[in-house]
Every structure is written in structure tokens, then in C-alpha cells.
file run-v9.tsv (TSV, C-alpha atoms (C1' of nucleotides))
chain	number	residue	atom	x	y	z
W	30	MET	CA	-8.79	-11.42	-20.54
W	31	VAL	CA	-6.34	-12.49	-17.90
W	32	ASN	CA	-7.28	-13.99	-14.55
W	33	CYS	CA	-6.23	-11.71	-11.71
W	34	VAL	CA	-4.62	-14.53	-9.75
W	35	GLU	CA	-2.58	-15.67	-12.74
W	36	PHE	CA	-1.55	-12.09	-13.35
W	37	CYS	CA	-0.29	-11.73	-9.80
W	38	LYS	CA	1.48	-15.07	-9.96
W	39	ALA	CA	3.32	-13.88	-13.04
W	40	LEU	CA	4.42	-10.76	-11.19
W	41	ALA	CA	5.21	-12.60	-7.97
W	42	ASP	CA	8.86	-12.96	-8.83
W	43	ASP	CA	11.58	-10.36	-8.68
W	44	THR	CA	13.28	-11.50	-11.87
W	45	ARG	CA	10.08	-11.20	-13.88
W	46	GLN	CA	9.33	-7.77	-12.49
W	47	GLN	CA	12.84	-6.71	-13.39
W	48	ILE	CA	12.46	-8.10	-16.89
W	49	LEU	CA	9.31	-6.08	-17.34
W	50	GLY	CA	11.15	-3.07	-15.96
W	51	LEU	CA	13.79	-3.50	-18.66
W	52	LEU	CA	11.27	-4.03	-21.43
W	53	LYS	CA	9.41	-0.93	-20.32
W	54	GLU	CA	12.33	1.04	-21.74
W	55	SER	CA	12.62	-0.77	-25.05
W	56	GLU	CA	12.28	-4.15	-26.68
W	57	MET	CA	15.23	-6.47	-26.17
W	58	CYS	CA	16.43	-9.79	-27.49
W	59	VAL	CA	16.90	-12.71	-25.15
W	60	SER	CA	20.68	-12.57	-25.00
W	61	ASP	CA	20.57	-8.89	-23.99
W	62	ILE	CA	18.11	-9.69	-21.25
W	63	VAL	CA	20.28	-12.57	-20.11
W	64	ALA	CA	23.26	-10.21	-19.98
W	65	ALA	CA	21.36	-8.00	-17.55
W	66	PHE	CA	21.01	-10.79	-15.01
W	67	ASP	CA	23.32	-13.14	-13.18
W	68	MET	CA	21.29	-16.09	-14.29
W	69	SER	CA	21.39	-18.78	-16.95
W	70	GLN	CA	19.82	-18.32	-20.36
W	71	PRO	CA	17.30	-21.15	-19.89
W	72	THR	CA	16.12	-19.59	-16.66
W	73	ILE	CA	15.49	-16.29	-18.40
W	74	SER	CA	13.71	-18.09	-21.23
W	75	HIS	CA	11.54	-19.79	-18.65
W	76	HIS	CA	10.53	-16.44	-17.14
W	77	LEU	CA	9.90	-14.96	-20.56
W	78	GLY	CA	7.67	-17.93	-21.32
W	79	ILE	CA	5.58	-17.23	-18.24
W	80	LEU	CA	5.21	-13.57	-19.14
W	81	LYS	CA	4.37	-14.45	-22.71
W	82	ARG	CA	1.73	-17.04	-21.84
W	83	LEU	CA	-0.14	-14.28	-20.06
W	84	ASP	CA	0.41	-11.84	-22.91
W	85	LEU	CA	2.28	-9.48	-20.64
W	86	VAL	CA	5.01	-9.44	-23.27
W	87	THR	CA	5.04	-9.99	-27.00
W	88	SER	CA	7.79	-11.56	-29.04
W	89	ARG	CA	8.97	-11.26	-32.59
W	90	LYS	CA	11.60	-13.27	-34.36
W	91	GLU	CA	14.31	-11.56	-36.37
W	92	GLY	CA	16.86	-13.93	-37.83
W	93	LYS	CA	18.42	-15.90	-35.02
W	94	GLN	CA	17.18	-13.55	-32.35
W	95	VAL	CA	13.85	-13.20	-30.59
W	96	PHE	CA	12.87	-9.74	-29.42
W	97	TYR	CA	10.56	-9.31	-26.49
W	98	ALA	CA	8.53	-6.20	-25.74
W	99	ILE	CA	6.19	-5.33	-22.92
W	100	ASN	CA	2.50	-5.45	-23.80
W	101	HIS	CA	1.52	-2.17	-22.20
W	102	ASP	CA	-2.16	-2.45	-23.03
W	103	ASN	CA	-2.58	-5.80	-21.36
W	104	VAL	CA	-0.47	-4.87	-18.35
W	105	VAL	CA	-2.54	-1.77	-17.78
W	106	GLU	CA	-5.77	-3.68	-18.29
W	107	CYS	CA	-4.72	-6.33	-15.79
W	108	CYS	CA	-3.77	-3.73	-13.22
W	109	GLY	CA	-7.14	-2.11	-13.77
W	110	LYS	CA	-8.97	-5.38	-13.25
W	111	LEU	CA	-6.98	-5.98	-10.11
W	112	ILE	CA	-7.83	-2.61	-8.65
W	113	ALA	CA	-11.47	-3.11	-9.59
W	114	LYS	CA	-11.49	-6.45	-7.87
W	115	LEU	CA	-9.86	-5.24	-4.69
W	116	ASP	CA	-11.09	-1.71	-4.36
W	117	ALA	CA	-14.51	-1.43	-6.02
T	1	MET	CA	5.87	0.93	2.03
T	2	VAL	CA	5.37	-2.47	0.51
T	3	ASN	CA	7.68	-4.14	-1.98
T	4	CYS	CA	5.91	-4.73	-5.29
T	5	VAL	CA	7.06	-8.33	-5.49
T	6	GLU	CA	5.85	-9.11	-1.98
T	7	PHE	CA	2.56	-7.42	-2.79
T	8	CYS	CA	2.09	-9.63	-5.85
T	9	LYS	CA	3.08	-12.72	-3.93
T	10	ALA	CA	0.41	-11.94	-1.38
T	11	LEU	CA	-2.15	-11.68	-4.16
T	12	ALA	CA	-0.85	-14.70	-6.05
T	13	ASP	CA	-3.34	-17.03	-4.45
T	14	ASP	CA	-7.01	-17.44	-5.19
T	15	THR	CA	-8.03	-17.88	-1.58
T	16	ARG	CA	-6.33	-14.65	-0.54
T	17	GLN	CA	-7.90	-12.71	-3.39
T	18	GLN	CA	-11.28	-14.11	-2.41
T	19	ILE	CA	-10.71	-13.14	1.22
T	20	LEU	CA	-9.94	-9.59	0.15
T	21	GLY	CA	-13.05	-9.69	-2.02
T	22	LEU	CA	-15.11	-10.58	1.03
T	23	LEU	CA	-13.49	-7.96	3.23
T	24	LYS	CA	-14.08	-5.34	0.56
T	25	GLU	CA	-17.75	-5.56	1.50
T	26	SER	CA	-17.33	-5.38	5.26
T	27	GLU	CA	-15.09	-6.44	8.09
T	28	MET	CA	-15.49	-10.03	9.21
T	29	CYS	CA	-14.32	-12.23	12.04
T	30	VAL	CA	-12.20	-15.29	11.33
T	31	SER	CA	-14.95	-17.85	11.85
T	32	ASP	CA	-17.20	-16.07	9.35
T	33	ILE	CA	-14.41	-16.04	6.80
T	34	VAL	CA	-13.75	-19.71	7.45
T	35	ALA	CA	-17.44	-20.43	6.87
T	36	ALA	CA	-17.18	-18.86	3.42
T	37	PHE	CA	-14.56	-21.38	2.32
T	38	ASP	CA	-14.24	-25.12	2.15
T	39	MET	CA	-10.99	-25.00	4.02
T	40	SER	CA	-9.73	-25.48	7.57
T	41	GLN	CA	-9.55	-22.67	10.09
T	42	PRO	CA	-5.76	-22.84	10.43
T	43	THR	CA	-5.41	-22.50	6.67
T	44	ILE	CA	-7.54	-19.37	6.66
T	45	SER	CA	-5.57	-17.98	9.61
T	46	HIS	CA	-2.41	-18.63	7.66
T	47	HIS	CA	-3.69	-16.63	4.69
T	48	LEU	CA	-4.89	-13.83	6.95
T	49	GLY	CA	-1.43	-13.74	8.48
T	50	ILE	CA	0.14	-13.23	5.08
T	51	LEU	CA	-2.25	-10.43	4.22
T	52	LYS	CA	-1.74	-8.83	7.59
T	53	ARG	CA	2.06	-8.95	7.45
T	54	LEU	CA	1.83	-6.80	4.34
T	55	ASP	CA	-0.76	-4.50	5.89
T	56	LEU	CA	-3.26	-5.37	3.22
T	57	VAL	CA	-5.71	-6.06	6.02
T	58	THR	CA	-6.04	-4.79	9.56
T	59	SER	CA	-7.29	-6.72	12.54
T	60	ARG	CA	-8.99	-5.79	15.76
T	61	LYS	CA	-9.78	-8.00	18.68
T	62	GLU	CA	-13.22	-7.96	20.22
T	63	GLY	CA	-13.66	-10.46	22.99
T	64	LYS	CA	-12.93	-13.89	21.67
T	65	GLN	CA	-13.17	-12.84	18.07
T	66	VAL	CA	-10.75	-11.12	15.76
T	67	PHE	CA	-12.20	-8.94	13.04
T	68	TYR	CA	-10.31	-8.38	9.85
T	69	ALA	CA	-10.87	-5.50	7.45
T	70	ILE	CA	-9.29	-4.62	4.17
T	71	ASN	CA	-6.76	-1.80	4.31
T	72	HIS	CA	-8.01	0.11	1.30
T	73	ASP	CA	-5.38	2.83	1.48
T	74	ASN	CA	-2.48	0.43	1.36
T	75	VAL	CA	-4.04	-1.77	-1.31
T	76	VAL	CA	-4.59	1.24	-3.53
T	77	GLU	CA	-1.10	2.53	-2.85
T	78	CYS	CA	0.43	-0.83	-3.72
T	79	CYS	CA	-1.54	-1.07	-6.94
T	80	GLY	CA	-0.37	2.42	-7.78
T	81	LYS	CA	3.24	1.53	-7.16
T	82	LEU	CA	2.84	-1.54	-9.31
T	83	ILE	CA	1.41	0.41	-12.23
T	84	ALA	CA	4.13	3.01	-11.85
T	85	LYS	CA	6.76	0.30	-11.91
T	86	LEU	CA	5.37	-1.48	-14.95
T	87	ASP	CA	3.90	1.30	-17.00
T	88	ALA	CA	5.78	4.51	-16.27
U	29	DT	C1'	-11.40	-22.01	38.55
U	30	DC	C1'	-12.98	-24.96	34.89
U	31	DG	C1'	-14.73	-25.66	30.48
U	32	DA	C1'	-16.05	-24.06	26.00
U	33	DC	C1'	-15.20	-21.15	22.25
U	34	DG	C1'	-12.43	-18.48	18.77
U	35	DT	C1'	-8.03	-17.91	16.87
U	36	DA	C1'	-3.01	-18.71	16.22
U	37	DT	C1'	0.95	-21.73	16.00
U	38	DT	C1'	3.39	-26.06	15.11
U	39	DG	C1'	4.81	-29.86	12.42
U	40	DA	C1'	4.27	-32.75	8.52
U	41	DA	C1'	2.97	-34.02	3.70
U	42	DA	C1'	2.09	-32.90	-0.96
U	43	DT	C1'	2.54	-29.87	-4.56
U	44	DC	C1'	4.57	-26.06	-6.97
U	45	DT	C1'	8.44	-23.05	-8.40
U	46	DA	C1'	13.00	-21.38	-9.59
U	47	DT	C1'	17.10	-22.77	-11.05
U	48	DC	C1'	20.69	-25.43	-13.17
U	49	DT	C1'	22.96	-28.53	-16.84
U	50	DA	C1'	22.40	-30.83	-20.98
U	51	DT	C1'	20.52	-30.76	-25.26
U	52	DA	C1'	17.41	-29.96	-29.14
U	53	DG	C1'	15.94	-26.89	-32.95
U	54	DG	C1'	16.18	-23.18	-36.18
U	55	DA	C1'	18.95	-19.56	-38.78
U	56	DG	C1'	22.75	-17.78	-40.75
U	57	DT	C1'	27.71	-18.48	-42.63
U	58	DG	C1'	31.60	-20.78	-44.63
H	12	DC	C1'	26.61	-29.67	-45.94
H	13	DA	C1'	29.02	-28.58	-41.59
H	14	DC	C1'	29.56	-25.37	-38.06
H	15	DT	C1'	28.30	-21.64	-35.07
H	16	DC	C1'	25.07	-18.76	-32.80
H	17	DC	C1'	20.63	-17.84	-30.47
H	18	DT	C1'	16.73	-19.50	-28.12
H	19	DA	C1'	13.62	-23.13	-26.29
H	20	DT	C1'	12.77	-27.51	-24.10
H	21	DA	C1'	13.68	-31.50	-21.00
H	22	DG	C1'	15.01	-33.43	-16.77
H	23	DA	C1'	16.70	-32.97	-12.13
H	24	DT	C1'	17.09	-30.76	-7.64
H	25	DA	C1'	16.50	-27.56	-3.84
H	26	DG	C1'	13.57	-24.59	-1.70
H	27	DA	C1'	9.07	-22.45	-1.08
H	28	DT	C1'	4.08	-22.80	-0.55
H	29	DT	C1'	-0.42	-24.68	0.54
H	30	DT	C1'	-2.86	-27.48	3.27
H	31	DC	C1'	-4.22	-30.35	7.17
H	32	DA	C1'	-4.45	-32.37	12.00
H	33	DA	C1'	-3.02	-31.50	16.46
H	34	DT	C1'	-2.44	-28.36	19.88
H	35	DA	C1'	-1.50	-24.08	22.35
H	36	DC	C1'	-3.27	-19.62	23.82
H	37	DG	C1'	-6.53	-16.11	25.31
H	38	DT	C1'	-11.29	-14.87	26.65
H	39	DC	C1'	-15.65	-15.42	28.45
H	40	DG	C1'	-19.40	-17.64	31.18
H	41	DA	C1'	-20.84	-20.92	34.68

call {"tool": "encode", "arguments": {"input": "run-v9.tsv", "output": "C-alpha cells"}}
result
Amino acid sequence: MVNCVEFCKALADDTRQQILGLLKESEMCVSDIVAAFDMSQPTISHHLGILKRLDLVTSRKEGKQVFYAINHDNVVECCGKLIAKLDA
Amino acid sequence: MVNCVEFCKALADDTRQQILGLLKESEMCVSDIVAAFDMSQPTISHHLGILKRLDLVTSRKEGKQVFYAINHDNVVECCGKLIAKLDA
DNA sequence: TCGACGTATTGAAATCTATCTATAGGAGTG
DNA sequence: CACTCCTATAGATAGATTTCAATACGTCGA
């Protein structure tokens, strides 16, 4: 149910694409994601927020940590909508 | 040969997605594209320039006019690369 | 060659985005 | 309860992006 433009905006940033690339492998908590980048924790949280608002990732709380995982179904659906829009 | 982030940046704008939507139907010259939007000619040229730099559209000059067409092959290839990157 | 037409480029203004530091909030531990 | 750890939010700043008006450039017809 995601707008194609919003989808592309969410992916129009190298850090966010890299985050999704990491989450493709396995779910990760925020501090582990932060450790993978040379960037502050709030910045990573900001990017995660953008991905989450579009349901490209899901999150689950476990104690003090928050684990993020890629939402494969929605990512694939969005890509499909994009192709349909551009290539039908 | 297009970077996935650059590809998404190019699509991260409603006007550019609409332009591609128009060109999906048939090639068009700049003034016809301009007529389809409530936007100045230089602005449309700017967006066409962005799409062209990424080879998402091709252009051909015919007299005074320049016709733009969608580059289906590259669009499809970029979408494929994106899916591969996000969903492999 | 001159003028009109179609398109591209330039320069400026407004808005948006990515990033940081500082800090708030919630969860566990002593 | 006090303290620490993990994550999110707020506020500020620098840089990027979108847009426009003005103008330059190339092409055609008179």
C-alpha cells in the first residue's frame, strides 16, 4: 500500500540501502547496526524511522534493545508496483 | 550500469515518475511534456536532464524539437538490480 | 540575415534532507 | 530508588533539491 514515490525516496539514500542490505541477512538491534556504520546512533535511528514508516522494516522490542528486520513482502510488493508503473 | 541509490534518487520525485509514465506510452517532445504539467519549461528540462544522465530516457533531436523516450531496457535492468540488492 | 520557436543553462530563493550534539524515556541492575 | 544501558526525539546546521525568471543557444522560415 506504499506510494511509489515515497518508496523511492526511502531508498534514495546509501545508508538506508546499506541498512536494508544488512537486515537482508538477519534481524539486528540498533546498536549492532550503528556499529556497522561510521555514523551517530541518532542518525541511524532516524534512517530506521524512515524505513519503518514505510513498513520496509519491522521492529520488535526485547528488553532494552529494539530489533529491526527487513519486511521482505512489502519490499517485493513495492518493487513490483514500481516495475508495473514504469514498464507496463 | 547504474548505481541503485542514484536510480532511486532519480525516481524519488513525483514529477519524474509522471514523466516516465507519460513516456511509457510513447515518445514525446519537450513542449508536449511541459503541456502535461503545471510547471515551467526549464523545470521540466531539469527533470529530463536527471533522467537522461542515468539513461532512464533517451533523446533524439528532430529539427527544433527534442524527443524523449523511456529506455525500457535500462529501467528494467535497474529495477532488477534493486530487487536483487534488497531481496536476494 | 533576422526573427521566431523550441530547448537548455544560469542564478537565485525556498524547501527539504542528512547529520550532529544534547537530552529524554524506558528497562534492567545494584 | 539510583544508576547504567539502549533507543528515540528535539533542535540546530550544512548541504542538496526543486522551482522559477531570465537568458543563451540552435534551428528553421521569411

call {"tool": "atom_distance", "arguments": {"input": "run-v9.tsv", "atom1": "atom CA of Val75 of chain T", "atom2": "atom CA of Leu83 of chain W"}}
result
22.9 Å

call {"tool": "residues_around", "arguments": {"input": "run-v9.tsv", "residues": "segment 59-71 of chain T", "least_positions_apart": "6", "cutoff": "8 Å", "atoms": "all atoms listed in the file", "output": "number ranges by chain"}}
result
T: 20, 23-24, 26-30, 52; U: 33-35; H: 37-39

call {"tool": "calpha_fit_and_write", "arguments": {"input": "run-v9.tsv", "fixed": "chain W", "moving": "chain T", "output": "CSV table (one decimal) with C-alpha atoms, keeping the file's coordinate frame"}}
result
chain,number,residue,atom,x,y,z
T,1,MET,CA,-8.7,-11.5,-20.6
T,2,VAL,CA,-6.3,-12.5,-17.9
T,3,ASN,CA,-7.3,-14.0,-14.6
T,4,CYS,CA,-6.2,-11.7,-11.7
T,5,VAL,CA,-4.6,-14.5,-9.8
T,6,GLU,CA,-2.6,-15.7,-12.7
T,7,PHE,CA,-1.6,-12.1,-13.4
T,8,CYS,CA,-0.3,-11.7,-9.8
T,9,LYS,CA,1.5,-15.0,-10.0
T,10,ALA,CA,3.3,-13.9,-13.1
T,11,LEU,CA,4.4,-10.8,-11.2
T,12,ALA,CA,5.2,-12.6,-8.0
T,13,ASP,CA,8.9,-13.0,-8.8
T,14,ASP,CA,11.6,-10.4,-8.7
T,15,THR,CA,13.3,-11.5,-11.9
T,16,ARG,CA,10.1,-11.2,-13.9
T,17,GLN,CA,9.3,-7.8,-12.5
T,18,GLN,CA,12.9,-6.7,-13.4
T,19,ILE,CA,12.5,-8.1,-16.9
T,20,LEU,CA,9.3,-6.1,-17.3
T,21,GLY,CA,11.2,-3.1,-16.0
T,22,LEU,CA,13.8,-3.5,-18.6
T,23,LEU,CA,11.3,-4.0,-21.4
T,24,LYS,CA,9.4,-0.9,-20.3
T,25,GLU,CA,12.3,1.0,-21.7
T,26,SER,CA,12.6,-0.8,-25.0
T,27,GLU,CA,12.3,-4.1,-26.7
T,28,MET,CA,15.2,-6.5,-26.2
T,29,CYS,CA,16.4,-9.8,-27.5
T,30,VAL,CA,16.9,-12.7,-25.2
T,31,SER,CA,20.7,-12.6,-25.0
T,32,ASP,CA,20.6,-8.9,-24.0
T,33,ILE,CA,18.1,-9.7,-21.2
T,34,VAL,CA,20.3,-12.6,-20.1
T,35,ALA,CA,23.3,-10.2,-20.0
T,36,ALA,CA,21.4,-8.0,-17.6
T,37,PHE,CA,21.0,-10.8,-15.0
T,38,ASP,CA,23.3,-13.1,-13.2
T,39,MET,CA,21.3,-16.1,-14.3
T,40,SER,CA,21.4,-18.8,-17.0
T,41,GLN,CA,19.8,-18.3,-20.4
T,42,PRO,CA,17.3,-21.2,-19.9
T,43,THR,CA,16.1,-19.6,-16.7
T,44,ILE,CA,15.5,-16.3,-18.4
T,45,SER,CA,13.7,-18.1,-21.2
T,46,HIS,CA,11.6,-19.8,-18.7
T,47,HIS,CA,10.5,-16.5,-17.1
T,48,LEU,CA,9.9,-15.0,-20.6
T,49,GLY,CA,7.7,-17.9,-21.3
T,50,ILE,CA,5.6,-17.2,-18.2
T,51,LEU,CA,5.2,-13.6,-19.1
T,52,LYS,CA,4.4,-14.4,-22.7
T,53,ARG,CA,1.8,-17.1,-21.8
T,54,LEU,CA,-0.1,-14.3,-20.1
T,55,ASP,CA,0.4,-11.8,-22.9
T,56,LEU,CA,2.3,-9.5,-20.6
T,57,VAL,CA,5.0,-9.4,-23.3
T,58,THR,CA,5.0,-10.0,-27.0
T,59,SER,CA,7.8,-11.6,-29.0
T,60,ARG,CA,9.0,-11.2,-32.6
T,61,LYS,CA,11.6,-13.3,-34.3
T,62,GLU,CA,14.3,-11.6,-36.4
T,63,GLY,CA,16.8,-13.9,-37.8
T,64,LYS,CA,18.4,-15.9,-35.0
T,65,GLN,CA,17.2,-13.5,-32.3
T,66,VAL,CA,13.8,-13.2,-30.6
T,67,PHE,CA,12.9,-9.7,-29.4
T,68,TYR,CA,10.6,-9.3,-26.5
T,69,ALA,CA,8.5,-6.2,-25.7
T,70,ILE,CA,6.2,-5.3,-22.9
T,71,ASN,CA,2.5,-5.5,-23.8
T,72,HIS,CA,1.5,-2.2,-22.2
T,73,ASP,CA,-2.1,-2.5,-23.0
T,74,ASN,CA,-2.6,-5.8,-21.4
T,75,VAL,CA,-0.5,-4.9,-18.3
T,76,VAL,CA,-2.6,-1.8,-17.8
T,77,GLU,CA,-5.8,-3.7,-18.3
T,78,CYS,CA,-4.7,-6.3,-15.8
T,79,CYS,CA,-3.8,-3.7,-13.2
T,80,GLY,CA,-7.1,-2.1,-13.8
T,81,LYS,CA,-9.0,-5.4,-13.3
T,82,LEU,CA,-7.0,-6.0,-10.1
T,83,ILE,CA,-7.9,-2.6,-8.6
T,84,ALA,CA,-11.5,-3.1,-9.6
T,85,LYS,CA,-11.5,-6.4,-7.9
T,86,LEU,CA,-9.9,-5.2,-4.7
T,87,ASP,CA,-11.1,-1.7,-4.4
T,88,ALA,CA,-14.5,-1.4,-6.0

call {"tool": "residues_around", "arguments": {"input": "run-v9.tsv", "residues": "segment 21-33 of chain H", "least_positions_apart": "4", "cutoff": "12 Å", "atoms": "all atoms listed in the file", "output": "PDB file with C-alpha atoms (C1' of nucleotides), in the frame of the given file"}}
result
ATOM      1  CA  PRO W  71      17.300 -21.150 -19.890  1.00  0.00           C
TER       2      PRO W  71
ATOM      3  CA  LYS T   9       3.080 -12.720  -3.930  1.00  0.00           C
ATOM      4  CA  ALA T  10       0.410 -11.940  -1.380  1.00  0.00           C
ATOM      5  CA  ALA T  12      -0.850 -14.700  -6.050  1.00  0.00           C
ATOM      6  CA  ASP T  13      -3.340 -17.030  -4.450  1.00  0.00           C
ATOM      7  CA  ASP T  14      -7.010 -17.440  -5.190  1.00  0.00           C
ATOM      8  CA  THR T  15      -8.030 -17.880  -1.580  1.00  0.00           C
ATOM      9  CA  ARG T  16      -6.330 -14.650  -0.540  1.00  0.00           C
ATOM     10  CA  ASP T  38     -14.240 -25.120   2.150  1.00  0.00           C
ATOM     11  CA  MET T  39     -10.990 -25.000   4.020  1.00  0.00           C
ATOM     12  CA  SER T  40      -9.730 -25.480   7.570  1.00  0.00           C
ATOM     13  CA  GLN T  41      -9.550 -22.670  10.090  1.00  0.00           C
ATOM     14  CA  PRO T  42      -5.760 -22.840  10.430  1.00  0.00           C
ATOM     15  CA  THR T  43      -5.410 -22.500   6.670  1.00  0.00           C
ATOM     16  CA  ILE T  44      -7.540 -19.370   6.660  1.00  0.00           C
ATOM     17  CA  SER T  45      -5.570 -17.980   9.610  1.00  0.00           C
ATOM     18  CA  HIS T  46      -2.410 -18.630   7.660  1.00  0.00           C
ATOM     19  CA  HIS T  47      -3.690 -16.630   4.690  1.00  0.00           C
ATOM     20  CA  ILE T  50       0.140 -13.230   5.080  1.00  0.00           C
TER      21      ILE T  50
ATOM     22  C1'  DT U  37       0.950 -21.730  16.000  1.00  0.00           C
ATOM     23  C1'  DT U  38       3.390 -26.060  15.110  1.00  0.00           C
ATOM     24  C1'  DG U  39       4.810 -29.860  12.420  1.00  0.00           C
ATOM     25  C1'  DA U  40       4.270 -32.750   8.520  1.00  0.00           C
ATOM     26  C1'  DA U  41       2.970 -34.020   3.700  1.00  0.00           C
ATOM     27  C1'  DA U  42       2.090 -32.900  -0.960  1.00  0.00           C
ATOM     28  C1'  DT U  43       2.540 -29.870  -4.560  1.00  0.00           C
ATOM     29  C1'  DC U  44       4.570 -26.060  -6.970  1.00  0.00           C
ATOM     30  C1'  DT U  45       8.440 -23.050  -8.400  1.00  0.00           C
ATOM     31  C1'  DA U  46      13.000 -21.380  -9.590  1.00  0.00           C
ATOM     32  C1'  DT U  47      17.100 -22.770 -11.050  1.00  0.00           C
ATOM     33  C1'  DC U  48      20.690 -25.430 -13.170  1.00  0.00           C
ATOM     34  C1'  DT U  49      22.960 -28.530 -16.840  1.00  0.00           C
ATOM     35  C1'  DA U  50      22.400 -30.830 -20.980  1.00  0.00           C
ATOM     36  C1'  DT U  51      20.520 -30.760 -25.260  1.00  0.00           C
ATOM     37  C1'  DA U  52      17.410 -29.960 -29.140  1.00  0.00           C
TER      38       DA U  52
END

call {"tool": "atom_distance", "arguments": {"input": "run-v9.tsv", "atom1": "atom CA of Leu51 of chain T", "atom2": "atom CA of Gly21 of chain T"}}
result
12.5 Å

call {"tool": "atom_distance", "arguments": {"input": "run-v9.tsv", "atom1": "atom CA of Phe36 of chain W", "atom2": "atom CA of Leu11 of chain T"}}
result
9.2 Å

call {"tool": "residues_around", "arguments": {"input": "run-v9.tsv", "residues": "segment 105-112 of chain W", "least_positions_apart": "6", "cutoff": "10 Å", "atoms": "only C-alpha atoms (C1' of nucleotides)", "output": "JSON, numbers by chain"}}
result
{"W": [30, 31, 32, 33, 34, 36, 37, 85], "T": [11, 17, 75, 76, 78, 79, 80, 82, 83, 86, 87]}

call {"tool": "closest_atom_pairs", "arguments": {"input": "run-v9.tsv", "of": "chain H", "to": "chain W", "cutoff": "10 Å", "atoms": "all atoms listed in the file", "output": "CSV"}}
result
residue,atom,partner,partner_atom,distance
H:DC16,C1',W:Lys93,CA,7.6
H:DC17,C1',W:Lys93,CA,5.4
H:DT18,C1',W:Gln94,CA,7.3
H:DA19,C1',W:Ser74,CA,7.1
H:DT20,C1',W:Pro71,CA,8.9

call {"tool": "residues_around", "arguments": {"input": "run-v9.tsv", "residues": "DC14 of chain H", "least_positions_apart": "6", "cutoff": "12 Å", "atoms": "all atoms listed in the file", "output": "list in words"}}
result
DG56, DT57 and DG58 of chain U

call {"tool": "closest_residue", "arguments": {"input": "run-v9.tsv", "among": "W:Ile62, W:His101, W:Ala113, W:Val86", "to": "chain T", "atoms": "only C-alpha atoms"}}
result
W:His101

call {"tool": "decode", "arguments": {"input": "run-v9.tsv", "residues": "segment 28-48 of chain T", "atoms": "C-alpha atoms", "output": "compact mmCIF listing (two decimals), in the first residue's frame"}}
result
# COMPACT_ATOMS: atom_id res chain seq x y z
CA MET T 28 7.24 12.97 -26.67
CA CYS T 29 8.94 16.27 -27.35
CA VAL T 30 9.72 18.64 -24.50
CA SER T 31 6.93 21.10 -25.20
CA ASP T 32 4.33 18.32 -25.13
CA ILE T 33 5.68 17.10 -21.81
CA VAL T 34 5.64 20.64 -20.47
CA ALA T 35 2.00 20.95 -21.55
CA ALA T 36 1.14 17.93 -19.42
CA PHE T 37 2.32 19.64 -16.25
CA ASP T 38 1.61 22.84 -14.42
CA MET T 39 5.27 23.67 -14.31
CA SER T 40 7.77 25.80 -16.20
CA GLN T 41 9.69 24.56 -19.20
CA PRO T 42 13.09 24.91 -17.52
CA THR T 43 11.87 22.81 -14.61
CA ILE T 44 10.78 20.03 -16.94
CA SER T 45 14.10 20.25 -18.80
CA HIS T 46 15.86 19.92 -15.48
CA HIS T 47 13.95 16.73 -14.67
CA LEU T 48 14.56 15.35 -18.14
